[in-house]
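Participant: Contents of upload00.txt (compact mmCIF, C-alpha atoms and all ligand atoms) are given next:
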# COMPACT_ATOMS: atom_id res chain seq x y z
CA MET A 1 74.15 97.78 113.93
CA ASN A 2 74.54 101.55 114.31
CA LYS A 3 75.66 103.34 111.20
CA ILE A 4 79.22 104.69 111.04
CA ARG A 5 78.80 108.46 111.01
CA PHE A 6 81.06 110.33 108.56
CA GLY A 7 82.13 113.93 108.17
CA LEU A 8 84.11 115.27 105.18
CA ILE A 9 86.39 118.31 104.96
CA GLY A 10 86.98 119.85 101.49
CA CYS A 11 83.93 119.38 99.24
CA GLY A 12 85.53 119.71 95.79
CA ASP A 13 86.11 117.41 92.84
CA ILE A 14 87.32 114.22 94.54
CA ALA A 15 84.81 114.62 97.37
CA HIS A 16 82.10 114.46 94.69
CA ILE A 17 83.50 111.90 92.27
CA ARG A 18 84.69 109.47 94.94
CA TYR A 19 83.12 109.99 98.36
CA PHE A 20 79.70 111.57 97.77
CA TYR A 21 79.29 109.07 94.90
CA SER A 22 80.37 106.01 96.92
CA ILE A 23 78.92 106.65 100.38
CA PRO A 24 75.31 105.88 99.32
CA HIS A 25 76.53 102.46 98.08
CA PHE A 26 77.23 101.41 101.69
CA GLU A 27 74.28 100.99 104.01
CA GLU A 28 76.57 100.98 107.08
CA ILE A 29 77.66 104.58 106.38
CA GLU A 30 75.81 107.81 107.05
CA LEU A 31 77.27 111.09 105.80
CA VAL A 32 76.31 113.43 108.63
CA GLY A 33 77.99 116.68 107.72
CA ILE A 34 80.62 118.46 105.67
CA TYR A 35 82.89 121.47 105.89
CA ASP A 36 84.57 123.64 103.25
CA MET A 37 86.38 126.94 103.68
CA ASN A 38 84.41 128.27 100.71
CA LYS A 39 81.21 129.04 102.66
CA PRO A 40 78.72 129.66 99.78
CA PHE A 41 79.94 126.46 98.12
CA LEU A 42 79.64 124.62 101.46
CA GLN A 43 76.01 125.73 101.91
CA LYS A 44 75.09 124.78 98.35
CA THR A 45 76.74 121.35 98.62
CA ALA A 46 75.18 120.63 102.04
CA GLU A 47 71.74 121.49 100.67
CA GLU A 48 72.26 119.28 97.62
CA LEU A 49 73.34 116.36 99.81
CA GLY A 50 70.83 117.01 102.58
CA VAL A 51 73.54 117.01 105.28
CA LYS A 52 74.71 119.44 107.94
CA ALA A 53 77.09 122.27 106.98
CA PHE A 54 79.51 122.57 109.90
CA ASN A 55 80.65 126.11 110.70
CA SER A 56 84.26 125.01 111.04
CA TYR A 57 86.29 121.83 110.90
CA GLU A 58 86.85 122.21 114.66
CA GLU A 59 83.09 122.01 115.18
CA MET A 60 83.04 118.76 113.20
CA LEU A 61 85.98 117.29 115.13
CA ASP A 62 84.39 118.31 118.46
CA ASP A 63 81.15 116.50 117.57
CA PRO A 64 81.25 113.23 119.53
CA THR A 65 78.73 111.60 117.21
CA ILE A 66 81.11 111.78 114.24
CA ASP A 67 83.05 108.51 113.98
CA ALA A 68 85.11 109.04 110.83
CA VAL A 69 86.49 111.99 108.88
CA ILE A 70 87.57 112.18 105.23
CA VAL A 71 90.14 114.86 104.36
CA THR A 72 89.98 116.07 100.74
CA THR A 73 91.42 119.59 101.00
CA TYR A 74 94.51 121.18 99.35
CA HIS A 75 97.66 119.07 99.82
CA PRO A 76 99.44 121.07 102.58
CA SER A 77 96.45 120.86 104.95
CA HIS A 78 96.09 117.04 104.75
CA THR A 79 98.61 116.35 107.51
CA PRO A 80 97.48 118.99 110.04
CA LEU A 81 93.78 118.12 109.55
CA ALA A 82 94.41 114.35 109.71
CA ILE A 83 96.47 114.76 112.91
CA GLN A 84 93.76 116.86 114.57
CA ALA A 85 91.06 114.38 113.53
CA LEU A 86 93.04 111.41 114.86
CA LYS A 87 93.66 113.27 118.11
CA ALA A 88 89.91 113.96 118.34
CA GLY A 89 89.36 110.18 118.27
CA LYS A 90 88.09 109.85 114.68
CA HIS A 91 88.91 107.23 112.07
CA VAL A 92 90.48 109.11 109.16
CA ILE A 93 91.03 108.83 105.41
CA SER A 94 93.52 111.37 104.06
CA GLU A 95 93.64 111.91 100.32
CA LYS A 96 96.97 111.91 98.52
CA PRO A 97 99.59 113.23 98.97
CA VAL A 98 99.19 112.68 102.71
CA SER A 99 102.02 115.16 103.37
CA VAL A 100 104.14 117.71 101.55
CA SER A 101 107.40 117.19 103.46
CA ILE A 102 109.34 114.47 105.21
CA GLU A 103 108.76 116.32 108.50
CA GLN A 104 104.96 116.38 108.01
CA ALA A 105 104.92 112.66 107.15
CA LYS A 106 106.92 111.88 110.29
CA GLN A 107 104.44 113.83 112.45
CA LEU A 108 101.53 112.01 110.85
CA LYS A 109 103.19 108.63 111.35
CA GLU A 110 103.64 109.44 115.05
CA ALA A 111 100.01 110.58 115.44
CA ALA A 112 98.73 107.41 113.72
CA ALA A 113 100.89 105.23 115.99
CA GLN A 114 99.44 106.90 119.10
CA THR A 115 95.77 106.12 118.36
CA ASP A 116 93.76 102.92 118.10
CA LYS A 117 91.64 104.51 115.36
CA VAL A 118 91.97 103.51 111.70
CA PHE A 119 94.03 105.82 109.51
CA MET A 120 93.83 105.19 105.77
CA ALA A 121 96.68 106.90 103.96
CA MET A 122 95.94 107.32 100.26
CA PRO A 123 96.60 106.44 97.52
CA ASN A 124 95.05 103.03 97.76
CA ASP A 125 96.96 100.36 95.83
CA ALA A 126 94.80 97.37 96.68
CA TYR A 127 92.71 97.82 93.55
CA PRO A 128 91.62 94.55 91.90
CA GLN A 129 93.84 95.17 88.83
CA ILE A 130 96.93 95.80 90.96
CA GLU A 131 96.14 92.86 93.28
CA LYS A 132 95.89 90.62 90.22
CA VAL A 133 99.23 91.84 88.86
CA LYS A 134 100.76 91.24 92.31
CA GLU A 135 99.41 87.69 92.27
CA LEU A 136 100.72 87.01 88.73
CA ILE A 137 104.17 88.33 89.63
CA GLU A 138 104.28 86.35 92.87
CA GLN A 139 103.26 83.20 90.95
CA GLY A 140 106.30 83.74 88.70
CA ILE A 141 104.15 84.00 85.55
CA ILE A 142 106.62 86.44 83.95
CA GLY A 143 109.68 85.17 85.85
CA GLU A 144 111.97 87.59 87.64
CA VAL A 145 110.93 91.23 87.16
CA CYS A 146 114.01 93.30 86.32
CA ALA A 147 112.49 96.56 85.09
CA ILE A 148 109.25 98.54 85.11
CA ASP A 149 108.09 101.51 83.08
CA SER A 150 105.29 103.58 84.54
CA VAL A 151 103.45 106.61 83.27
CA PHE A 152 100.55 108.69 84.55
CA ALA A 153 99.67 111.73 82.47
CA HIS A 154 96.84 113.99 81.38
CA HIS A 155 96.31 117.68 80.62
CA GLY A 156 96.25 118.65 84.28
CA PRO A 157 93.71 119.35 87.03
CA LEU A 158 92.42 122.42 85.20
CA HIS A 159 89.21 122.35 87.27
CA ALA A 160 91.31 123.73 90.15
CA PRO A 161 94.19 126.12 89.30
CA TRP A 162 95.50 125.94 92.90
CA PHE A 163 97.20 122.64 91.94
CA PHE A 164 99.58 124.76 89.79
CA ASP A 165 100.22 127.36 92.51
CA TYR A 166 103.27 126.80 94.72
CA GLU A 167 101.77 128.89 97.57
CA LYS A 168 98.67 126.68 97.73
CA ALA A 169 99.91 123.25 96.62
CA GLN A 170 103.67 123.32 97.33
CA TRP A 171 104.18 120.22 95.19
CA GLY A 172 103.16 119.76 91.53
CA VAL A 173 102.51 116.84 89.19
CA LEU A 174 104.96 114.57 90.99
CA ALA A 175 102.73 114.70 94.10
CA ASP A 176 99.49 114.67 92.10
CA LEU A 177 100.15 111.84 89.63
CA GLY A 178 103.67 110.52 90.25
CA VAL A 179 102.56 109.61 93.78
CA TYR A 180 100.31 106.86 92.34
CA SER A 181 103.09 105.15 90.38
CA ILE A 182 105.57 105.43 93.24
CA SER A 183 103.02 104.08 95.70
CA THR A 184 102.08 101.13 93.48
CA LEU A 185 105.72 100.27 92.78
CA SER A 186 106.51 100.22 96.50
CA TYR A 187 103.37 98.15 97.13
CA LEU A 188 104.44 95.56 94.55
CA PHE A 189 108.19 95.46 95.12
CA GLY A 190 108.81 96.76 98.64
CA PRO A 191 111.00 99.62 99.83
CA VAL A 192 112.90 101.58 97.18
CA ALA A 193 116.63 101.97 97.85
CA ARG A 194 117.65 104.92 95.67
CA VAL A 195 116.11 107.60 93.43
CA TYR A 196 117.03 110.38 91.03
CA GLY A 197 115.00 112.50 88.71
CA GLU A 198 114.15 115.73 86.92
CA THR A 199 111.15 117.96 87.52
CA ARG A 200 110.37 120.79 85.09
CA CYS A 201 107.65 123.23 84.16
CA PHE A 202 106.96 122.71 80.44
CA GLU A 203 103.78 124.73 79.81
CA LYS A 204 104.40 128.30 80.94
CA ARG A 205 100.83 129.57 80.64
CA ARG A 206 97.58 127.79 81.35
CA VAL A 207 93.85 128.29 80.99
CA SER A 208 91.56 126.72 83.60
CA ASP A 209 88.31 124.92 82.80
CA ALA A 210 86.58 128.14 83.89
CA GLY A 211 88.53 130.12 81.27
CA GLU A 212 90.89 131.84 83.71
CA GLU A 213 94.49 132.37 82.48
CA PHE A 214 97.28 131.70 84.97
CA ILE A 215 101.02 131.09 85.22
CA PRO A 216 102.05 127.83 86.93
CA SER A 217 104.63 127.98 89.72
CA VAL A 218 105.11 124.23 90.24
CA GLU A 219 106.44 121.52 87.90
CA ASP A 220 104.14 119.93 85.33
CA ASN A 221 106.59 117.32 84.03
CA VAL A 222 108.71 114.74 85.85
CA ALA A 223 110.86 111.74 84.98
CA ALA A 224 112.56 109.73 87.71
CA THR A 225 114.39 106.46 88.21
CA LEU A 226 113.73 104.22 91.20
CA VAL A 227 116.23 101.52 92.15
CA TRP A 228 115.80 98.51 94.46
CA ASP A 229 118.56 96.71 96.37
CA ASP A 230 118.31 93.63 94.12
CA GLY A 231 119.14 95.72 91.02
CA LYS A 232 115.58 96.13 89.77
CA VAL A 233 114.93 99.57 88.26
CA ALA A 234 111.77 101.49 87.37
CA THR A 235 111.12 104.61 85.38
CA MET A 236 108.38 106.92 86.60
CA ARG A 237 107.06 109.61 84.29
CA SER A 238 104.19 111.95 84.95
CA ASN A 239 103.04 115.14 83.35
CA TRP A 240 100.15 117.56 83.05
CA CYS A 241 101.01 118.26 79.39
CA THR A 242 99.30 115.33 77.63
CA GLY A 243 96.22 116.20 75.60
CA VAL A 244 93.56 114.16 77.38
CA HIS A 245 91.11 115.14 80.12
CA LYS A 246 92.15 114.34 83.68
CA ASP A 247 89.38 111.77 84.08
CA HIS A 248 90.71 109.82 81.07
CA GLY A 249 94.43 109.99 81.68
CA LEU A 250 97.17 107.66 80.50
CA TRP A 251 97.90 105.45 83.54
CA ARG A 252 100.05 102.48 82.60
CA PHE A 253 102.73 100.10 83.79
CA THR A 254 104.90 97.67 81.83
CA PHE A 255 106.57 94.97 83.92
CA ASN A 256 109.48 93.31 82.16
CA GLY A 257 110.21 89.80 83.40
CA SER A 258 112.61 87.02 82.42
CA LYS A 259 109.72 84.91 81.05
CA GLY A 260 107.37 87.58 79.72
CA ILE A 261 105.78 90.99 80.11
CA ILE A 262 102.72 92.31 81.94
CA HIS A 263 101.00 95.40 80.52
CA LEU A 264 98.70 97.01 83.07
CA ASP A 265 96.42 99.79 81.83
CA MET A 266 94.52 101.26 84.79
CA ALA A 267 92.32 103.32 82.46
CA ARG A 268 90.97 100.29 80.56
CA THR A 269 87.91 98.48 81.77
CA ASP A 270 87.83 95.84 78.99
CA HIS A 271 91.38 94.39 78.99
CA PRO A 272 93.29 96.07 81.86
CA ILE A 273 95.91 93.31 82.12
CA ILE A 274 97.64 91.77 79.11
CA VAL A 275 100.32 89.16 79.77
CA VAL A 276 102.83 88.49 77.01
CA SER A 277 103.89 84.91 77.69
CA PRO A 278 105.75 83.28 74.77
CA ASN A 279 106.54 80.02 76.56
CA CYS A 280 103.47 79.03 78.55
CA GLU A 281 99.74 79.50 78.50
CA ILE A 282 98.08 81.42 81.35
CA PRO A 283 95.41 79.21 82.91
CA GLY A 284 91.93 80.75 82.85
CA ALA A 285 93.02 83.74 80.74
CA GLU A 286 91.65 84.62 77.31
CA LYS A 287 94.16 84.29 74.45
CA VAL A 288 94.30 87.57 72.52
CA SER A 289 96.37 89.18 69.81
CA PHE A 290 98.20 92.21 71.18
CA MET A 291 100.60 94.52 69.32
CA GLY A 292 100.96 91.92 66.57
CA GLN A 293 101.86 89.09 68.96
CA ASP A 294 99.60 86.07 69.36
CA TYR A 295 101.03 84.57 72.58
CA CYS A 296 99.24 87.17 74.71
CA TYR A 297 96.59 86.65 77.38
CA SER A 298 93.97 88.97 78.77
CA VAL A 299 93.55 88.37 82.51
CA SER A 300 90.13 89.32 83.76
CA VAL A 301 89.55 91.09 87.07
CA GLY A 302 85.75 91.32 86.82
CA LYS A 303 83.85 94.53 87.36
CA VAL A 304 85.96 97.19 89.04
CA ASP A 305 84.85 100.32 90.87
CA ASN A 306 88.03 101.99 92.12
CA ASN A 307 86.00 104.52 94.14
CA ASP A 308 83.93 101.98 96.04
CA SER A 309 86.97 99.84 96.81
CA VAL A 310 88.45 102.68 98.91
CA LEU A 311 85.47 102.81 101.26
CA GLU A 312 85.20 99.01 101.26
CA LEU A 313 88.74 98.75 102.64
CA PHE A 314 88.21 101.54 105.17
CA LEU A 315 84.96 100.02 106.47
CA ASP A 316 86.50 96.58 106.70
CA ALA A 317 89.34 97.97 108.84
CA ILE A 318 86.91 99.86 111.13
CA LYS A 319 84.52 96.92 111.53
CA ASN A 320 87.33 94.47 112.26
CA ASN A 321 89.11 96.95 114.50
CA ARG A 322 92.45 96.61 112.75
CA LYS A 323 94.98 99.05 111.44
CA PHE A 324 96.27 98.86 107.89
CA PRO A 325 99.35 96.67 107.57
CA ASP A 326 102.56 98.54 106.81
CA ASN A 327 102.51 97.28 103.22
CA GLY A 328 98.90 98.45 102.77
CA CYS A 329 97.23 101.88 103.00
CA SER A 330 99.34 102.77 106.00
CA ILE A 331 101.16 105.97 106.87
CA VAL A 332 104.29 103.86 107.34
CA ARG A 333 104.35 103.10 103.60
CA GLN A 334 103.13 106.58 102.58
CA ASN A 335 105.90 108.01 104.74
CA HIS A 336 108.27 106.10 102.44
CA VAL A 337 106.44 107.41 99.35
CA ILE A 338 106.67 111.01 100.64
CA GLU A 339 110.42 110.59 101.26
CA ILE A 340 110.84 109.36 97.66
CA ILE A 341 108.93 112.36 96.29
CA ASP A 342 110.92 114.78 98.44
CA ARG A 343 114.21 113.20 97.30
CA ILE A 344 113.24 113.37 93.60
CA TYR A 345 112.65 117.13 94.01
CA GLU A 346 116.03 117.40 95.73
CA SER A 347 117.67 115.34 92.98
CA SER A 348 116.25 117.67 90.36
CA ARG A 349 117.74 120.65 92.25
CA THR A 350 121.19 119.12 92.86
CA GLY A 351 121.65 116.62 90.02
CA LYS A 352 122.51 113.93 92.58
CA ALA A 353 120.98 110.52 93.40
CA TYR A 354 119.63 109.90 96.92
CA GLU A 355 119.41 106.84 99.16
CA ILE A 356 115.96 106.33 100.71
CA THR A 357 116.24 105.80 104.44
CA SER A 358 112.66 104.87 105.44
CA LYS A 359 111.58 101.22 105.25
CA PHE A 360 108.33 99.34 105.81
N1 LIG A 401 90.36 115.46 91.80
C1 LIG A 401 90.86 114.23 91.77
O1 LIG A 401 90.69 113.47 90.79
C2 LIG A 401 91.65 113.71 92.95
C3 LIG A 401 91.86 112.34 93.02
C4 LIG A 401 92.48 111.82 94.16
C5 LIG A 401 92.93 112.69 95.14
N2 LIG A 401 92.77 114.04 95.03
C6 LIG A 401 93.31 114.90 96.09
O2 LIG A 401 92.24 115.50 96.77
C7 LIG A 401 92.59 116.85 97.15
C8 LIG A 401 91.52 117.78 96.63
O3 LIG A 401 91.53 117.74 95.22
P1 LIG A 401 90.26 118.23 94.38
O4 LIG A 401 90.55 117.92 92.96
O5 LIG A 401 89.03 117.71 94.99
O6 LIG A 401 90.38 119.81 94.63
P2 LIG A 401 89.19 120.87 94.57
O7 LIG A 401 89.82 122.21 94.46
O8 LIG A 401 88.18 120.46 93.57
O9 LIG A 401 88.51 120.73 96.03
C9 LIG A 401 89.17 121.06 97.20
C10 LIG A 401 88.15 121.70 98.14
O10 LIG A 401 88.76 121.80 99.44
C11 LIG A 401 88.45 123.07 99.99
N3 LIG A 401 89.54 123.35 100.94
C12 LIG A 401 90.86 123.49 100.67
N4 LIG A 401 91.58 123.64 101.78
C13 LIG A 401 90.68 123.62 102.81
C14 LIG A 401 90.80 123.71 104.22
N5 LIG A 401 91.99 123.86 104.81
N6 LIG A 401 89.67 123.64 104.97
C15 LIG A 401 88.46 123.50 104.37
N7 LIG A 401 88.28 123.39 103.04
C16 LIG A 401 89.38 123.43 102.27
C17 LIG A 401 88.38 124.02 98.82
O11 LIG A 401 87.60 125.16 99.10
C18 LIG A 401 87.75 123.11 97.75
O12 LIG A 401 86.33 123.21 97.74
C19 LIG A 401 93.97 117.12 96.55
O13 LIG A 401 94.95 117.04 97.55
C20 LIG A 401 94.16 116.02 95.52
O14 LIG A 401 95.50 115.61 95.40
C21 LIG A 401 92.10 114.57 93.96
What is this file in structure tokens?
Ligand SMILES: NC(=O)c1ccc[n+]([C@@H]2O[C@H](COP(=O)([O-])OP(=O)(O)OC[C@H]3O[C@@H](n4cnc5c(N)ncnc54)[C@H](O)[C@@H]3O)[C@@H](O)[C@H]2O)c1
Facilitator:
Amino acid sequence: MNKIRFGLIGCGDIAHIRYFYSIPHFEEIELVGIYDMNKPFLQKTAEELGVKAFNSYEEMLDDPTIDAVIVTTYHPSHTPLAIQALKAGKHVISEKPVSVSIEQAKQLKEAAAQTDKVFMAMPNDAYPQIEKVKELIEQGIIGEVCAIDSVFAHHGPLHAPWFFDYEKAQWGVLADLGVYSISTLSYLFGPVARVYGETRCFEKRRVSDAGEEFIPSVEDNVAATLVWDDGKVATMRSNWCTGVHKDHGLWRFTFNGSKGIIHLDMARTDHPIIVVSPNCEIPGAEKVSFMGQDYCYSVSVGKVDNNDSVLELFLDAIKNNRKFPDNGCSIVRQNHVIEIIDRIYESSRTGKAYEITSKF
């Protein structure tokens, strides 16, 4: 079988830690070339990887031998680049947030509907830990889920000060970290009906990893409430003000159910899922003591590589010639996520709650 030939636009942090790391793990993929607007950095990266440095992203999209394009640039360019790549007949992965406005997300949804190519809209939620929690909830292990607390926090993407710059990023921590919690909650519980929230800038001065001082012009702290039609509610908190490095952030969910609780810690590799189940044992799970309680169970998900699982899903969709279902890594669901984010910003400005109109 011919290899699937990839190009990547935006060769920064996530390009390295996810895509350049994962691509060699898949023998069906060949990274052919890359593009970055920072030309010296582009040349250096292309030499390190032994791939072509395209002169422009247009040159990459015009190359008929490129089958798939990964977009890992600054947030506001995700939608325009993804649309152009889809129109050029490429399969596309767009990093999160896929859009920075409801209008952009609508345009992207239309472009994805008009092509038979695969479009993977990040973030991915089909990680083994989240799939396992989905299964446990659907099996009724903790009964009816009435409430969820979610938090994603670290000291901020200080490797790249543009994240803090309204002109370059447009959206702050809500779109960087909050997007994960919102996406996972919609993946697990379906369309959100109503939201309200507060976004604030807490730390007024920052120092980047490179030692450069700067003043943020987007929010670094958000708390929001998400409500479903059945009365279920979730809190979503994210901030860039918590004293841990971004690669070791606090990324947790607590699912409160009528028969028990599930604690999901995405940062833990040893015991990511702890089920508090006072009334029944969890078959196949290891009994553990947790927070002083002895009716707790650690549910194993085996070895997890959250980076590889993104490309695994993308390849599977390309090879089987199928689009992502609307409740998967689809633009239909991310369109919903983008509307929620947009409405939380609006709620913070007006003090009002907003109904969410998009469904999936
Ligand atoms: N870093 C992470 O852990 C992480 C994780 C998941 C998703 N993301 C998303 O990936 C995107 C990139 O984040 P990052 O941390 O890699 O940033 P980064 O600053 O490290 O890298 C971005 C790169 O894209 C290039 N670039 C920006 N706009 C461009 C354009 N229009 N054309 C060509 N090149 C362009 C920049 O020169 C830079 O080299 C963000 O939208 C972020 O939300 C990042």
Participant: Do you have, as CSV, the list of residues of chain A lying at most 7 Å from ligand LIG 401 (chain A), each with its nearest atom pair and that distance in Å to one decimal, counting all atoms listed in the file and ordered by chain then number?
Facilitator:
residue,atom,partner,partner_atom,distance
A:Ile9,CA,A:LIG401,C15,5.6
A:Gly10,CA,A:LIG401,O10,3.3
A:Cys11,CA,A:LIG401,O12,4.8
A:Gly12,CA,A:LIG401,O9,3.2
A:Asp13,CA,A:LIG401,O5,3.6
A:Ile14,CA,A:LIG401,O5,3.9
A:Ala15,CA,A:LIG401,O5,5.7
A:Tyr35,CA,A:LIG401,C15,6.1
A:Asp36,CA,A:LIG401,N7,3.7
A:Met37,CA,A:LIG401,N7,4.1
A:Asn38,CA,A:LIG401,O11,4.7
A:Thr72,CA,A:LIG401,C7,4.5
A:Thr73,CA,A:LIG401,O10,3.8
A:Tyr74,CA,A:LIG401,C12,4.5
A:His75,CA,A:LIG401,O13,4.1
A:Ser77,CA,A:LIG401,N5,5.4
A:Glu95,CA,A:LIG401,C6,5.2
A:Lys96,CA,A:LIG401,O14,5.1
A:Pro97,CA,A:LIG401,O14,5.9
A:Pro157,CA,A:LIG401,O4,6.9
A:His159,CA,A:LIG401,O8,6.7
A:Ala160,CA,A:LIG401,O7,4.8
A:Trp162,CA,A:LIG401,O7,7.0
A:Asp176,CA,A:LIG401,O14,5.3
Participant: Go through region 51-168 of chain A residue by residue and, counting all atoms listed in the file, keep those with an atom at most 12 Å from region 272-294 of chain A; for each kept residue give the shortest atom pair and its distance in Å to one decimal, ordered by chain and increasing number, as a tab-separated table.
Facilitator:
residue	atom	partner	partner_atom	distance
A:Tyr127	CA	A:Pro272	CA	11.8
A:Pro128	CA	A:Pro272	CA	10.3
A:Gln129	CA	A:Pro272	CA	7.0
A:Ile130	CA	A:Ile273	CA	9.2
A:Glu131	CA	A:Ile273	CA	11.2
A:Lys132	CA	A:Ile273	CA	8.5
A:Val133	CA	A:Ile273	CA	7.7
A:Lys134	CA	A:Ile273	CA	11.5
A:Leu136	CA	A:Val275	CA	9.2
A:Ile137	CA	A:Val275	CA	10.6
A:Gln139	CA	A:Ile282	CA	11.1
A:Gly140	CA	A:Ile282	CA	11.3
A:Ile141	CA	A:Ile282	CA	7.8
A:Ile142	CA	A:Ser277	CA	7.0
A:Gly143	CA	A:Ser277	CA	10.0
Participant: As number ranges by chain, please: the residues near Leu8 (chain A) (cut-off 9 Å, only C-alpha atoms, same-chain neighbours under 5 positions excluded).
Facilitator: A: 15, 19, 31-36, 57, 60, 68-72
Participant: Find the residues around Ala353 (chain A) up to 9 Å (all atoms listed in the file counted), leave out those fewer than 2 positions away in its own chain, and share them as a list of chain:residue names.
Facilitator: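 Counting only the stated atoms, we get A:Arg194, A:Val195, A:Tyr196, A:Gly197, A:Arg343, A:Ile344, A:Glu346, A:Ser347, A:Thr350, A:Gly351, A:Glu355.
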Participant: Name all residues at most 8 Å from Trp171 (chain A) (count all atoms listed in the file; drop same-chain ones fewer than 2 positions away) and give them as a ChimeraX atom specification.
Facilitator: /A:100,166,169,173-176,218-219
Participant: Closest to Leu108 (chain A) among A:Glu339, A:Trp251, A:Gln334, A:Val301, using only C-alpha atoms?
Facilitator: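 The shortest atom-to-atom distance to Leu108 (chain A) comes from A:Gln334.
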Participant: Quick one: residues within 12 Å of Asp230 (chain A), all atoms listed in the file counted, chain neighbours fewer than 4 positions away excluded, as a list in words?
Facilitator: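 Counting all atoms listed in the file, the residues come to Glu144, Val145, Cys146, Ala147, Phe189, Gly190, Pro191, Val192, Ala193, Arg194 and Leu226 of chain A.
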Participant: Rounded to one decimal place, report the CA of Asp220 (chain A)-CA of Ala234 (chain A) distance in Å.
Facilitator: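 These atoms are spaced 20.1 Å apart.
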Participant: Have a look at A:Phe26, A:Phe6, A:Trp240, A:Phe164 and name the one nearest to Leu313 (chain A); count all atoms listed in the file.
Facilitator: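 Closest to Leu313 (chain A) of all the choices is A:Phe26.
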Participant: Of the candidates A:Met122, A:Val222, A:Ile341, A:Ala112, which one gets nearest to Ser150 (chain A) if we count all atoms listed in the file?
Facilitator: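 Of the candidates, the smallest distance to Ser150 (chain A) is held by A:Val222.
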Participant: Determine the nearest neighbour of Ser217 (chain A) from the options A:Val244, A:Ile66, A:Met236, A:Lys168, counting only C-alpha atoms.
Facilitator: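 Smallest distance to Ser217 (chain A) is found for A:Lys168.
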Participant: Between A:Ile261, A:Val299, A:Leu188, A:Ala53, single out the one closest to Gly328 (chain A), counting only C-alpha atoms.
Facilitator: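 Nearest candidate to Gly328 (chain A) out of A:Ile261, A:Val299, A:Leu188, A:Ala53: A:Leu188.
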Participant: Of the candidates A:Thr269, A:Asn307, A:Ser330, A:Gln84, which shows the shortest atom-to-atom distance to Met120 (chain A), using only C-alpha atoms?
Facilitator: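 Ranked by minimum distance to Met120 (chain A), first place goes to A:Ser330.
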